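Undergrad: Okay, so here is input.txt, and as you'll see once you scroll down, it has compact mmCIF, C-alpha atoms.
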# COMPACT_ATOMS: atom_id res chain seq x y z
CA PHE A 27 128.01 51.21 33.71
CA LYS A 28 125.40 52.86 31.49
CA GLN A 29 126.57 55.87 29.51
CA LYS A 30 124.22 58.87 29.82
CA THR A 31 122.74 60.47 26.76
CA ALA A 32 123.52 64.13 26.05
CA TYR A 33 119.97 65.05 27.11
CA GLU A 34 120.34 63.21 30.41
CA MET A 35 123.68 64.91 31.03
CA LEU A 36 122.10 68.30 30.48
CA ARG A 37 119.21 67.40 32.81
CA SER A 38 121.65 66.38 35.53
CA LEU A 39 123.30 69.78 35.39
CA VAL A 40 120.12 71.66 36.34
CA GLY A 41 120.55 73.28 39.75
CA SER A 42 124.33 72.85 39.77
CA GLU A 43 126.68 75.76 40.31
CA MET A 44 127.37 75.91 36.60
CA CYS A 45 123.86 75.26 35.23
CA ILE A 46 123.14 75.18 31.56
CA ARG A 47 121.57 78.60 31.47
CA ASP A 48 124.45 80.34 33.26
CA ARG A 49 126.96 78.50 31.10
CA GLY A 50 125.14 79.85 28.04
CA LYS A 51 125.19 83.41 29.36
CA ILE A 52 128.90 83.23 30.15
CA LEU A 53 129.69 82.01 26.64
CA CYS A 54 127.53 84.76 25.09
CA ASN A 55 129.31 87.40 27.15
CA THR A 56 132.76 86.13 26.16
CA ASN A 57 132.22 86.51 22.40
CA GLU A 58 131.20 82.88 21.92
CA GLU A 59 127.61 83.70 21.04
CA THR A 60 126.98 80.72 18.76
CA GLU A 61 127.91 78.18 21.43
CA GLY A 62 126.25 80.22 24.17
CA ILE A 63 122.96 80.39 22.24
CA ARG A 64 122.98 76.60 21.89
CA TRP A 65 123.34 76.21 25.65
CA LEU A 66 120.52 78.67 26.30
CA ILE A 67 118.23 76.93 23.81
CA SER A 68 119.03 73.63 25.52
CA ALA A 69 118.08 75.17 28.86
CA HIS A 70 114.79 76.36 27.35
CA ARG A 71 114.00 72.86 26.10
CA ILE A 72 114.42 71.43 29.59
CA ASN A 73 112.53 74.10 31.54
CA LYS A 74 110.79 77.35 30.67
CA LEU A 75 113.11 80.30 31.25
CA SER A 76 112.16 83.64 32.77
CA LEU A 77 111.02 86.61 30.69
CA ASP A 78 114.35 88.37 31.36
CA ASP A 79 116.24 85.30 30.17
CA TYR A 80 114.29 85.21 26.91
CA LEU A 81 114.83 88.94 26.40
CA GLU A 82 118.56 88.46 26.93
CA LEU A 83 118.62 85.49 24.55
CA ALA A 84 116.71 87.50 21.94
CA SER A 85 119.23 90.34 22.22
CA TYR A 86 122.05 87.87 21.42
CA ILE A 87 120.27 86.34 18.45
CA VAL A 88 118.39 89.23 16.85
CA ASP A 89 121.23 90.48 14.61
CA ILE A 90 122.39 87.04 13.43
CA PRO A 91 121.11 86.59 9.83
CA ASN A 92 118.94 83.51 9.21
CA ALA A 93 119.55 82.07 12.68
CA PRO A 94 117.26 79.00 12.97
CA GLU A 95 116.82 79.63 16.71
CA LYS A 96 114.97 82.91 16.08
CA ASN A 97 111.59 81.20 15.68
CA ILE A 98 112.09 79.21 18.90
CA VAL A 99 112.96 82.33 20.88
CA ALA A 100 110.15 84.39 19.30
CA LYS A 101 107.55 81.75 20.11
CA ALA A 102 108.74 81.45 23.72
CA LEU A 103 108.84 85.22 24.18
CA TYR A 104 105.36 85.65 22.68
CA GLY A 105 104.09 83.09 25.17
CA CYS A 106 105.19 85.34 28.03
CA MET A 107 103.20 88.38 26.88
CA ASP A 108 99.86 87.52 28.48
CA ASP A 109 101.47 87.74 31.92
CA ILE A 110 102.59 91.34 31.32
CA VAL A 111 100.26 94.20 32.34
CA ASP A 112 102.37 97.22 31.40
CA LEU A 113 101.53 98.31 27.83
CA SER A 114 104.91 99.96 27.28
CA LYS A 115 106.64 96.71 28.25
CA LYS A 116 104.33 94.80 25.89
CA GLU A 117 105.18 97.22 23.08
CA GLN A 118 108.91 96.81 23.76
CA ILE A 119 108.60 93.04 23.51
CA ILE A 120 106.48 93.09 20.35
CA GLU A 121 109.04 95.40 18.70
CA LEU A 122 111.73 92.83 19.51
CA LEU A 123 109.54 90.01 18.20
CA LEU A 124 109.07 91.83 14.90
CA LYS A 125 112.83 92.17 14.60
CA LEU A 126 113.10 88.42 15.05
CA ASP A 127 110.29 87.73 12.54
CA PRO A 128 109.24 90.88 10.59
CA SER A 129 106.59 89.14 8.47
CA ASN A 130 104.74 87.41 11.30
CA LYS A 131 101.07 88.40 10.95
CA LEU A 132 100.26 87.35 14.51
CA PHE A 133 102.93 89.71 15.87
CA LEU A 134 101.62 92.57 13.72
CA LEU A 135 98.06 91.95 14.93
CA LYS A 136 99.30 92.02 18.53
CA ARG A 137 101.11 95.28 17.85
CA ILE A 138 97.93 96.79 16.36
CA TYR A 139 96.01 95.75 19.50
CA ILE A 140 98.64 97.31 21.80
CA LEU A 141 98.85 100.56 19.83
CA GLU A 142 95.06 100.87 19.79
CA ARG A 143 95.03 100.63 23.59
CA LYS A 144 97.86 103.16 23.84
CA GLY A 145 96.19 105.53 21.39
CA ASP A 146 99.35 105.87 19.29
CA THR A 147 97.67 106.69 15.97
CA LYS A 148 100.81 107.33 13.92
CA LYS A 149 102.39 103.97 14.74
CA LEU A 150 99.00 102.25 14.49
CA VAL A 151 98.43 103.39 10.90
CA LYS A 152 101.98 102.41 9.93
CA THR A 153 101.58 98.91 11.42
CA PHE A 154 98.15 98.46 9.87
CA LEU A 155 99.55 99.25 6.41
CA GLU A 156 102.45 96.83 7.01
CA PHE A 157 99.87 94.17 7.84
CA ILE A 158 98.06 94.87 4.56
CA ASP A 159 101.35 94.61 2.62
CA LEU A 160 101.49 90.95 3.64
CA SER A 161 98.19 90.44 1.74
CA PRO A 162 96.57 88.33 4.46
CA VAL A 163 93.50 87.50 2.40
CA GLY A 164 92.01 85.54 5.27
CA ASN A 165 91.70 88.73 7.35
CA VAL A 166 89.42 90.74 5.05
CA ASP A 167 86.76 91.53 7.66
CA PHE A 168 89.37 92.62 10.20
CA VAL A 169 91.00 94.95 7.66
CA CYS A 170 87.63 96.46 6.72
CA ASP A 171 86.61 97.01 10.37
CA GLU A 172 90.00 98.48 11.25
CA ALA A 173 89.94 100.83 8.24
CA LYS A 174 86.52 102.12 9.28
CA LYS A 175 87.71 102.64 12.87
CA LEU A 176 90.74 104.60 11.70
CA GLY A 177 88.52 106.59 9.32
CA GLU A 178 89.72 110.19 9.08
CA LYS A 179 93.16 109.21 10.38
CA LEU A 180 93.89 107.53 7.04
CA THR A 181 94.91 109.60 4.04
CA VAL A 182 93.22 109.19 0.67
CA LYS A 183 96.35 107.46 -0.62
CA GLU A 184 96.21 104.99 2.27
CA LEU A 185 92.51 104.32 1.71
CA ILE A 186 93.23 103.57 -1.95
CA LYS A 187 95.92 101.10 -0.87
CA ILE A 188 93.38 99.37 1.40
CA ALA A 189 90.83 99.27 -1.41
CA GLN A 190 93.40 97.67 -3.71
CA PHE A 191 94.07 95.06 -1.00
CA PHE A 192 90.38 94.11 -1.14
CA GLU A 193 90.56 93.80 -4.91
CA ILE A 194 93.51 91.39 -4.57
CA ALA A 195 91.48 89.46 -1.99
CA ASP A 196 88.63 89.25 -4.55
CA ARG A 197 86.31 91.29 -2.32
CA SER A 198 85.13 94.03 -4.64
CA ASP A 199 82.25 94.81 -2.27
CA LYS A 200 84.74 95.93 0.40
CA ALA A 201 86.85 97.77 -2.19
CA VAL A 202 83.79 99.80 -3.21
CA GLU A 203 83.16 100.69 0.46
CA MET A 204 86.67 102.15 0.66
CA TYR A 205 86.29 104.09 -2.60
CA GLU A 206 82.98 105.47 -1.34
CA LEU A 207 84.72 106.68 1.85
CA ILE A 208 87.32 108.43 -0.31
CA LEU A 209 84.71 110.07 -2.54
CA LYS A 210 82.77 111.33 0.47
CA ARG A 211 85.93 113.04 1.64
CA GLU A 212 87.14 114.13 -1.80
CA PRO A 213 84.24 114.03 -4.29
CA GLY A 214 86.53 115.05 -7.13
CA SER A 215 89.10 112.28 -6.58
CA LYS A 216 89.65 110.92 -10.07
CA GLU A 217 91.89 108.12 -8.82
CA ALA A 218 89.23 106.78 -6.45
CA ALA A 219 86.45 107.22 -9.02
CA LEU A 220 88.53 105.48 -11.68
CA ASN A 221 89.36 102.53 -9.45
CA MET A 222 85.73 102.19 -8.38
CA PHE A 223 84.73 102.38 -12.06
CA ILE A 224 87.01 99.41 -12.83
CA VAL A 225 85.40 97.38 -10.04
CA HIS A 226 81.91 98.19 -11.37
CA LEU A 227 83.08 97.47 -14.90
CA GLU A 228 84.47 94.03 -14.09
CA ASN A 229 81.24 93.24 -12.23
CA GLU A 230 79.19 94.38 -15.26
CA GLU A 231 77.23 96.93 -13.20
CA ALA A 232 75.66 98.90 -16.04
CA ASP A 233 74.04 101.74 -14.08
CA SER A 234 77.24 102.46 -12.13
CA ILE A 235 79.19 102.62 -15.39
CA VAL A 236 76.70 105.12 -16.83
CA ASP A 237 76.87 107.22 -13.66
CA PHE A 238 80.66 107.41 -13.92
CA PHE A 239 80.49 109.02 -17.35
CA ASP A 240 78.03 111.60 -16.02
CA LYS A 241 80.85 112.87 -13.82
CA PHE A 242 84.00 112.28 -15.85
CA GLU A 243 84.82 112.90 -19.49
CA PRO A 244 86.88 110.36 -21.47
CA SER A 245 90.50 111.49 -21.63
CA HIS A 246 93.81 110.11 -22.88
CA LEU A 247 95.20 111.31 -19.53
CA PHE A 248 93.65 108.17 -18.00
CA SER A 249 95.91 106.02 -20.19
CA GLN A 250 98.77 105.77 -17.70
CA SER A 251 96.48 104.80 -14.82
CA LEU A 252 94.72 102.18 -16.92
CA GLU A 253 97.75 100.84 -18.81
CA LYS A 254 98.08 97.64 -16.74
CA VAL A 255 94.39 96.74 -16.74
CA ILE A 256 94.08 97.42 -20.48
CA LYS A 257 97.09 95.18 -21.15
CA LYS A 258 95.58 92.47 -18.92
CA TYR A 259 92.35 92.45 -20.92
CA GLU A 260 94.15 92.57 -24.26
CA GLU A 261 96.02 89.43 -23.19
CA LYS A 262 92.73 87.85 -22.11
CA ARG A 263 91.23 88.65 -25.51
CA ALA A 264 94.19 87.01 -27.25
CA LYS A 265 93.60 83.81 -25.23
CA ASP A 266 89.79 83.83 -25.30
CA SER A 267 88.58 85.93 -28.20
CA LEU A 268 84.97 84.74 -27.95
CA ASN A 269 84.42 85.80 -24.34
CA TYR A 270 81.93 88.67 -24.46
CA ASN A 271 82.95 89.92 -20.97
CA VAL A 272 86.50 90.57 -22.17
CA HIS A 273 85.20 92.69 -25.06
CA TYR A 274 82.70 94.38 -22.74
CA VAL A 275 85.41 95.51 -20.29
CA LEU A 276 87.92 96.35 -23.00
CA GLY A 277 85.33 98.42 -24.88
CA PHE A 278 84.76 100.72 -21.90
CA LEU A 279 88.48 100.92 -21.15
CA CYS A 280 89.15 102.00 -24.74
CA PHE A 281 86.26 104.47 -24.59
CA ILE A 282 87.54 106.17 -21.44
CA VAL A 283 91.03 106.69 -22.93
CA GLU A 284 89.57 108.03 -26.21
CA ARG A 285 90.37 104.98 -28.37
CA TYR A 286 86.92 105.20 -29.92
CA GLU A 287 87.36 102.98 -33.00
CA GLU A 288 88.56 100.11 -30.76
CA ALA A 289 85.69 100.78 -28.36
CA ILE A 290 83.18 100.58 -31.22
CA ALA A 291 84.58 97.22 -32.37
CA ALA A 292 84.37 95.82 -28.84
CA PHE A 293 80.83 97.11 -28.23
CA GLN A 294 79.65 95.67 -31.56
CA PHE A 295 81.03 92.27 -30.54
CA VAL A 296 79.01 92.43 -27.30
CA VAL A 297 75.88 93.32 -29.29
CA ARG A 298 76.43 90.33 -31.60
CA SER A 299 76.78 88.13 -28.52
CA GLY A 300 73.34 89.28 -27.36
CA HIS A 301 74.39 90.91 -24.08
CA TYR A 302 73.60 94.39 -22.70
CA ILE A 303 72.30 95.62 -26.06
CA PRO A 304 70.63 98.87 -24.81
CA LEU A 305 73.80 99.80 -22.89
CA MET A 306 75.94 99.01 -25.94
CA CYS A 307 73.66 101.14 -28.13
CA LEU A 308 74.15 104.06 -25.74
CA PHE A 309 77.93 103.85 -25.82
CA LEU A 310 78.13 103.02 -29.50
CA GLY A 311 76.15 106.22 -30.10
CA MET A 312 78.45 108.22 -27.84
CA SER A 313 81.52 106.72 -29.57
CA PHE A 314 80.15 107.57 -33.02
CA GLU A 315 79.51 111.15 -31.86
CA LYS A 316 83.13 111.40 -30.73
CA ILE A 317 84.32 110.61 -34.26
CA SER A 318 81.67 112.89 -35.84
CA LEU A 319 79.44 110.12 -37.23
CA PHE A 320 76.28 111.78 -35.96
CA ASP A 321 73.76 109.89 -38.11
CA PHE A 322 75.22 106.58 -36.92
CA ALA A 323 74.94 107.84 -33.36
CA ALA A 324 71.28 108.81 -33.73
CA LYS A 325 70.44 105.35 -35.13
CA GLN A 326 72.07 103.67 -32.13
CA TYR A 327 70.03 105.78 -29.70
CA GLU A 328 66.82 104.94 -31.59
CA LYS A 329 67.68 101.25 -31.56
CA GLY A 330 68.40 101.32 -27.82
CA LEU A 331 65.08 103.04 -27.09
CA SER A 332 63.18 100.43 -29.08
CA LEU A 333 64.36 97.67 -26.71
CA LYS A 334 62.41 96.79 -23.57
CA GLU A 335 65.26 95.40 -21.50
CA ALA A 336 67.00 98.76 -20.83
CA THR A 337 67.37 99.72 -17.17
CA ASP A 338 65.82 103.03 -16.08
CA SER A 339 69.22 104.71 -15.98
CA VAL A 340 70.24 103.47 -19.43
CA LYS A 341 66.86 104.41 -20.94
CA ALA A 342 67.00 107.90 -19.42
CA HIS A 343 70.49 108.40 -20.88
CA LEU A 344 69.37 107.16 -24.31
CA LEU A 345 66.55 109.72 -24.18
CA TYR A 346 68.98 112.43 -23.10
CA ARG A 347 71.43 111.67 -25.92
CA SER A 348 68.58 111.54 -28.45
CA ALA A 349 67.33 114.88 -27.15
CA LEU A 350 70.71 116.48 -27.77
CA ARG A 351 70.70 115.18 -31.33
CA LYS A 352 67.22 116.66 -31.85
CA LYS A 353 68.42 119.97 -30.44
CA PHE A 354 71.31 120.16 -32.88
CA ASP A 355 69.00 119.19 -35.72
CA GLY A 356 66.78 122.14 -34.74
CA SER A 357 63.86 120.09 -33.41
CA ILE A 358 63.51 121.91 -30.10
CA ASP A 359 60.03 120.65 -29.18
CA GLU A 360 61.11 117.04 -29.71
CA CYS A 361 64.26 117.74 -27.70
CA LYS A 362 62.24 119.08 -24.76
CA ASN A 363 59.78 116.21 -24.87
CA LEU A 364 62.57 113.64 -24.79
CA LEU A 365 64.22 115.40 -21.86
CA LYS A 366 60.90 115.51 -19.95
CA GLU A 367 60.45 111.80 -20.61
CA ALA A 368 63.97 111.12 -19.29
CA LEU A 369 63.17 113.10 -16.11
CA LYS A 370 59.98 111.11 -15.55
CA ILE A 371 62.14 107.98 -15.39
CA VAL A 372 65.02 109.50 -13.36
CA PRO A 373 63.78 112.72 -11.70
CA ASP A 374 67.19 113.73 -10.31
CA PHE A 375 69.00 113.32 -13.66
CA LYS A 376 71.11 116.50 -13.48
CA LEU A 377 72.33 116.52 -17.08
CA ALA A 378 68.76 116.31 -18.36
CA GLN A 379 67.63 119.03 -15.92
CA GLU A 380 70.41 121.35 -17.14
CA ALA A 381 69.69 120.60 -20.80
CA LEU A 382 65.97 121.26 -20.36
CA SER A 383 66.50 124.54 -18.50
CA SER A 384 68.93 125.78 -21.17
CA ALA A 385 66.94 124.60 -24.22
CA PRO A 386 66.16 127.58 -26.51
CA ASP A 387 62.74 128.59 -27.76
CA ASP A 388 61.74 127.41 -31.24
CA GLY A 389 62.39 130.86 -32.62
CA ASN A 390 66.02 130.89 -31.48
CA VAL A 391 67.47 127.80 -33.11
CA ILE A 392 70.93 127.67 -34.59
CA GLN A 393 71.89 124.38 -36.23
CA VAL A 394 75.24 123.16 -34.99
CA GLU A 395 76.92 119.83 -35.65
CA GLY A 396 78.52 118.29 -32.65
CA GLY A 397 77.69 117.07 -29.20
CA GLU A 398 77.61 118.11 -25.61
CA LYS A 399 78.94 116.30 -22.57
CA ALA A 400 79.70 112.67 -23.39
Written as structure tokens, how would this file's structure read?
TA:
Amino acid sequence: FKQKTAYEMLRSLVGSEMCIRDRGKILCNTNEETEGIRWLISAHRINKLSLDDYLELASYIVDIPNAPEKNIVAKALYGCMDDIVDLSKKEQIIELLLKLDPSNKLFLLKRIYILERKGDTKKLVKTFLEFIDLSPVGNVDFVCDEAKKLGEKLTVKELIKIAQFFEIADRSDKAVEMYELILKREPGSKEAALNMFIVHLENEEADSIVDFFDKFEPSHLFSQSLEKVIKKYEEKRAKDSLNYNVHYVLGFLCFIVERYEEAIAAFQFVVRSGHYIPLMCLFLGMSFEKISLFDFAAKQYEKGLSLKEATDSVKAHLLYRSALRKKFDGSIDECKNLLKEALKIVPDFKLAQEALSSAPDDGNVIQVEGGEKA
């Protein structure tokens, strides 16, 4: 006599009056869920159960914390979904699956697909943002495409969240696309502009940095928004004090929150390292103006203009800043000539256009110390 294994005993019960599956259901319905679930899982391992059986099994197991069988049931139930045509039924099952495994990216993607087909925008946006919260960095292109499809259905706050996801995924190009969408909708959005500025700053995109300061004045009110990134770069400087990029980024961060003496020190370090000298001259000059060292500022602008490697945008801004200094020194003709030269380089330079149109005649000059828009 050969003793049967437990598996063989279970197999021999299939088709009997008291089959494994029915035994499991009876136990579950008589408050013996733990034992009943084991029987139902055993039945599943022998033969695939019906969709209704898996739904019933899921209903028994869904509220049991940390039940190891949840993954087995979820996988089996997900495998039944392709046979279902009714979208509402699909949605019902995917909701149950997400209760079994809330952080399953595959389930969330399936839910997004179902909600898109149903046209349920409110739930779709909510699910999409839940998907982003999981930081699935391997799904960057999907997130970008989905964000563009949702477009106007996303709030500015939600678009900023998506942009920050791209930054975490080290895809600043996609983050900039999101910030540009925000700024098209809300041109005055300081939060979007500030976040995009940080991306440009970390990528050392000189012209984009200059453009930012055409639109926004430095303000200590930015301090709270920039607190974390400033702290991050201060820690980087402590670990790698000779890295010019750290000083470069930190200099602009200090400048924007009106910590001008620290900005000057950082910019001077970058100059000594031999990087971005015309750009540094521009912002050193602007920083000196902010602390009323106007002669120092003028020298920085002159130095920047003497260098050939300045980009068109940086050179035009150096000319513009020099023109303002000439205006306040009473040299109106020189001021106008510098502004005209700036506009030859960048014809749509609005600040230079405004300054030229408002420049007084030589006979109406009042000397004033100070500066205009920084």
Undergrad: Rank nothing, just name the residue among A:Gly277, A:Ala291, A:Asp237, A:Lys329 nearest to Leu377 in chain A, using all atoms listed in the file.
TA: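 Closest to Leu377 in chain A, using all atoms listed in the file: A:Asp237.
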Undergrad: Need the shell around Tyr274 in chain A: protein/DNA/RNA residues with any atom at most 8 Å away, counting all atoms listed in the file. Skip same-chain ones fewer than 4 positions apart. Format as a tab-separated table (two decimals) with C-alpha atoms, in the coordinates of the input?
TA:
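Once everything was written out, this is result.tsv:
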chain	number	residue	atom	x	y	z
A	270	TYR	CA	81.93	88.67	-24.46
A	278	PHE	CA	84.76	100.72	-21.90
A	292	ALA	CA	84.37	95.82	-28.84
A	293	PHE	CA	80.83	97.11	-28.23
A	296	VAL	CA	79.01	92.43	-27.30
Undergrad: Name the residues in contact with Met306 in chain A at a cut-off of 8 Å, using all atoms listed in the file, excluding same-chain residues fewer than 2 positions from it; report them as a list of chain:residue names.
TA: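 Close residues of Met306 in chain A: A:Phe293, A:Gln294, A:Val296, A:Val297, A:Tyr302, A:Ile303, A:Pro304, A:Leu308, A:Phe309, A:Leu310.
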Undergrad: At most 12 Å from (104.3, 99.9, 26.7), file frame, only C-alpha atoms: which residues, as a PyMOL selection string?
TA: chain A and resi 107+110-121+137+139-146
Undergrad: Suppose you want the space between CA of Leu365 in chain A and CA of Ser318 in chain A; what is it in Å?
TA: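 If I compute the distance from CA of Leu365 in chain A to CA of Ser318 in chain A, I get 22.5 Å.
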